[in-house]
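Each remark here refers to the structure printed beneath this line.
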Amino acid sequence: MYTHKVVYPASGSVRVGDRTHTFDPSRDLAVLDEHRTFLPYRTRWLWGTFAGITADGIIGANFAQRPVVPGSEEESGLWVAGACEPLADVALTPTDPSDPLRPWTMRSRDGRLDVTFTPEDRKAVRHQLAVASIDYWQLVGSYTGTVAGYPVTAMRGVCESMRARL
């Protein structure tokens with residue numbers, strides 16, 4: 001597995017239909033998530049990411065809950081005041097497992113990540129074929145809580161779930 005996550009200031013504009021979204025690098029960020037891996041036949045994960053600009057610099061997190069070989073590196077990490085720190089043992093817990101649009105809690109065992117995610121919208125892909133299947137959804141919303149002791153208030157981000165038979 002290879003994974004690289006980084007946060008950049010965003011500038012420019014994007015047109016979607018008849019709406020134009022303009023990005024200001026003093027306010028807006030883009031999270032680059034480059035990932036290469038050979039997925040097992042049965043694969044599953046929960047994953048989330050968010051970042052925002054604060055008086056202390058960029059604060060955010062990238063985190064995953066998935067099966068891993070004990071002792072192997074994880075893809076989770078924190079962005080805090082100009083540095084990137086590794087993170088492990090993260091639990092993503094829905095308030096109501098039958099309704100993913102209800103709030104979620106995301107916490108690391110060491111307490112450096114402790115946020116609540118409030119979803120606003122969902123996109124989904126679901127296909128059941130004879131030998132392969134995919135059940136994927138991504139939520140967009142906002143995160144509130146703390147990252148390594150720094151306060152996080154209504155930072156935009158995503159959370160996704162993948163269950164697949166490849």
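Naming works like this for the structure tokens: A, B, ... for the chains as they're shown, residue 1 at the start of each chain, ligands 1 onward in shown order.
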Fill in: Residues near Gly157 of chain A, cut-off 7 Å, only C-alpha atoms, skip fewer than 2 positions along chain, as a PyMOL selection string
chain A and resi 49-50+140-143+155
Would you pick out the contacts of segment 116-132 of chain A at 10 Å or less, using only C-alpha atoms, so that residues sharing its chain but fewer than 5 positions from it are not included, and give the list as a PDB file with C-alpha atoms, in the first residue's frame?
```
ATOM      1  CA  TYR A  41     -10.993  -9.870  -2.679  1.00  0.00           C
ATOM      2  CA  ARG A  42     -13.192  -8.795   0.224  1.00  0.00           C
ATOM      3  CA  GLY A  48     -12.812  10.449   6.905  1.00  0.00           C
ATOM      4  CA  PHE A  50     -11.216  17.373   7.032  1.00  0.00           C
ATOM      5  CA  LEU A  92     -15.636   5.865  13.593  1.00  0.00           C
ATOM      6  CA  THR A  93     -18.987   5.350  15.305  1.00  0.00           C
ATOM      7  CA  PRO A  94     -22.398   6.317  13.903  1.00  0.00           C
ATOM      8  CA  THR A  95     -25.022   7.625  16.341  1.00  0.00           C
ATOM      9  CA  PRO A 100     -25.737   7.296   8.218  1.00  0.00           C
ATOM     10  CA  LEU A 101     -27.052  10.875   7.963  1.00  0.00           C
ATOM     11  CA  ARG A 102     -27.138  11.083  11.767  1.00  0.00           C
ATOM     12  CA  PRO A 103     -23.992  12.443  13.545  1.00  0.00           C
ATOM     13  CA  TRP A 104     -20.870  10.274  13.921  1.00  0.00           C
ATOM     14  CA  THR A 105     -18.077  10.325  16.497  1.00  0.00           C
ATOM     15  CA  MET A 106     -14.457   9.845  15.440  1.00  0.00           C
ATOM     16  CA  ARG A 107     -11.990   9.187  18.262  1.00  0.00           C
ATOM     17  CA  TRP A 137     -21.261   5.769   0.105  1.00  0.00           C
ATOM     18  CA  GLN A 138     -19.688   9.137   0.865  1.00  0.00           C
ATOM     19  CA  LEU A 139     -21.079  11.755   3.214  1.00  0.00           C
ATOM     20  CA  VAL A 140     -20.264  15.474   3.130  1.00  0.00           C
ATOM     21  CA  GLY A 141     -20.659  17.626   6.223  1.00  0.00           C
ATOM     22  CA  SER A 142     -18.797  19.326   9.052  1.00  0.00           C
ATOM     23  CA  TYR A 143     -16.539  18.307  11.943  1.00  0.00           C
ATOM     24  CA  THR A 144     -16.493  19.835  15.451  1.00  0.00           C
ATOM     25  CA  GLY A 145     -14.327  18.833  18.436  1.00  0.00           C
ATOM     26  CA  THR A 146     -10.567  18.747  19.048  1.00  0.00           C
ATOM     27  CA  VAL A 152     -12.228  22.398  15.572  1.00  0.00           C
ATOM     28  CA  THR A 153     -15.475  24.196  14.760  1.00  0.00           C
ATOM     29  CA  ALA A 154     -17.637  23.340  11.746  1.00  0.00           C
ATOM     30  CA  MET A 155     -14.709  22.337   9.479  1.00  0.00           C
ATOM     31  CA  ARG A 156     -15.881  20.929   6.144  1.00  0.00           C
ATOM     32  CA  GLY A 157     -15.028  17.329   5.328  1.00  0.00           C
ATOM     33  CA  VAL A 158     -16.170  13.910   4.207  1.00  0.00           C
ATOM     34  CA  CYS A 159     -16.692  10.417   5.582  1.00  0.00           C
ATOM     35  CA  GLU A 160     -17.008   7.304   3.423  1.00  0.00           C
ATOM     36  CA  SER A 161     -17.731   3.597   3.671  1.00  0.00           C
ATOM     37  CA  MET A 162     -16.606   0.893   1.263  1.00  0.00           C
ATOM     38  CA  ARG A 163     -17.658  -2.741   1.303  1.00  0.00           C
ATOM     39  CA  ALA A 164     -16.643  -4.619  -1.799  1.00  0.00           C
ATOM     40  CA  ARG A 165     -16.049  -8.051  -3.252  1.00  0.00           C
ATOM     41  CA  LEU A 166     -13.538  -7.525  -6.026  1.00  0.00           C
TER      42      LEU A 166
END
```
Practice prompt. Calculate how many Å separate atom CA of Phe23 of chain A from atom CA of Ile58 of chain A, rounding to one decimal.
Written response: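 It comes out at 16.2 Å.
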Discussion item. Need the shell around segment 51-55 of chain A: protein/DNA/RNA residues with any atom at most 8 Å away, counting only C-alpha atoms. Skip same-chain ones fewer than 6 positions apart. Format as a PyMOL selection string?
Written reply: chain A and resi 7+26-29+31+61+79+155-157
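Our summary of the geometry notes that atom CA of Tyr150 of chain A is positioned 7.6 Å from atom CA of Ile59 of chain A.
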Discussion item. I need the residues of segment 50-91 of chain A that end up classed as strand (DSSP E or B) by DSSP on the backbone, written out as number ranges by chain.
Written reply: A: 50-54, 57-65, 77-80, 83-86, 90-91
Item to complete: Tell me which protein, DNA and RNA residues are within 9 Å of Arg66 of chain A, counting only C-alpha atoms, leaving out same-chain ones fewer than 2 positions away, and put them as number ranges by chain.
Response: A: 43-47, 64, 68
Residue subset to file, keeping C-alpha atoms, as a CSV table (one decimal), in the first residue's frame:
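What follows is the written file again00.csv:
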```csv
chain,number,residue,atom,x,y,z
A,43,THR,CA,-12.4,-5.3,1.3
A,44,ARG,CA,-14.0,-2.8,3.7
A,45,TRP,CA,-13.2,0.5,5.4
A,46,LEU,CA,-14.6,3.6,7.0
A,47,TRP,CA,-12.6,6.7,6.2
A,64,ALA,CA,-9.4,5.2,8.6
A,68,VAL,CA,-4.9,-4.1,9.2
```
Spatial neighbours of Ala88 of chain A, 7 Å, only C-alpha atoms, chain gap at least 5 places, as a PDB file with C-alpha atoms, in the first residue's frame:
```pdb
ATOM      1  CA  GLU A  74      -1.780   2.973   9.151  1.00  0.00           C
ATOM      2  CA  SER A  76      -4.259   7.947   9.596  1.00  0.00           C
ATOM      3  CA  SER A 108      -8.457   7.896  18.541  1.00  0.00           C
TER       4      SER A 108
END
```
Fill in: Shell of 8 Å around Leu32 of chain A, only C-alpha atoms, local chain residues under 5 positions omitted, as a PyMOL selection string
chain A and resi 4-8
Go ahead and save the residues from that selection, with C-alpha atoms, as a PDB file, in the first residue's frame.
```
ATOM      1  CA  HIS A   4      -0.010  10.202   0.652  1.00  0.00           C
ATOM      2  CA  LYS A   5      -2.274  12.907   2.032  1.00  0.00           C
ATOM      3  CA  VAL A   6      -1.510  16.632   2.005  1.00  0.00           C
ATOM      4  CA  VAL A   7      -3.448  19.869   2.452  1.00  0.00           C
ATOM      5  CA  TYR A   8      -3.018  22.810   0.056  1.00  0.00           C
TER       6      TYR A   8
END
```
Worksheet item: To one decimal place, how far is atom CA of Asp114 of chain A from atom CA of Asn62 of chain A in Å?
Response: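 Spanning atom CA of Asp114 of chain A to atom CA of Asn62 of chain A is a straight-line distance of 12.5 Å.
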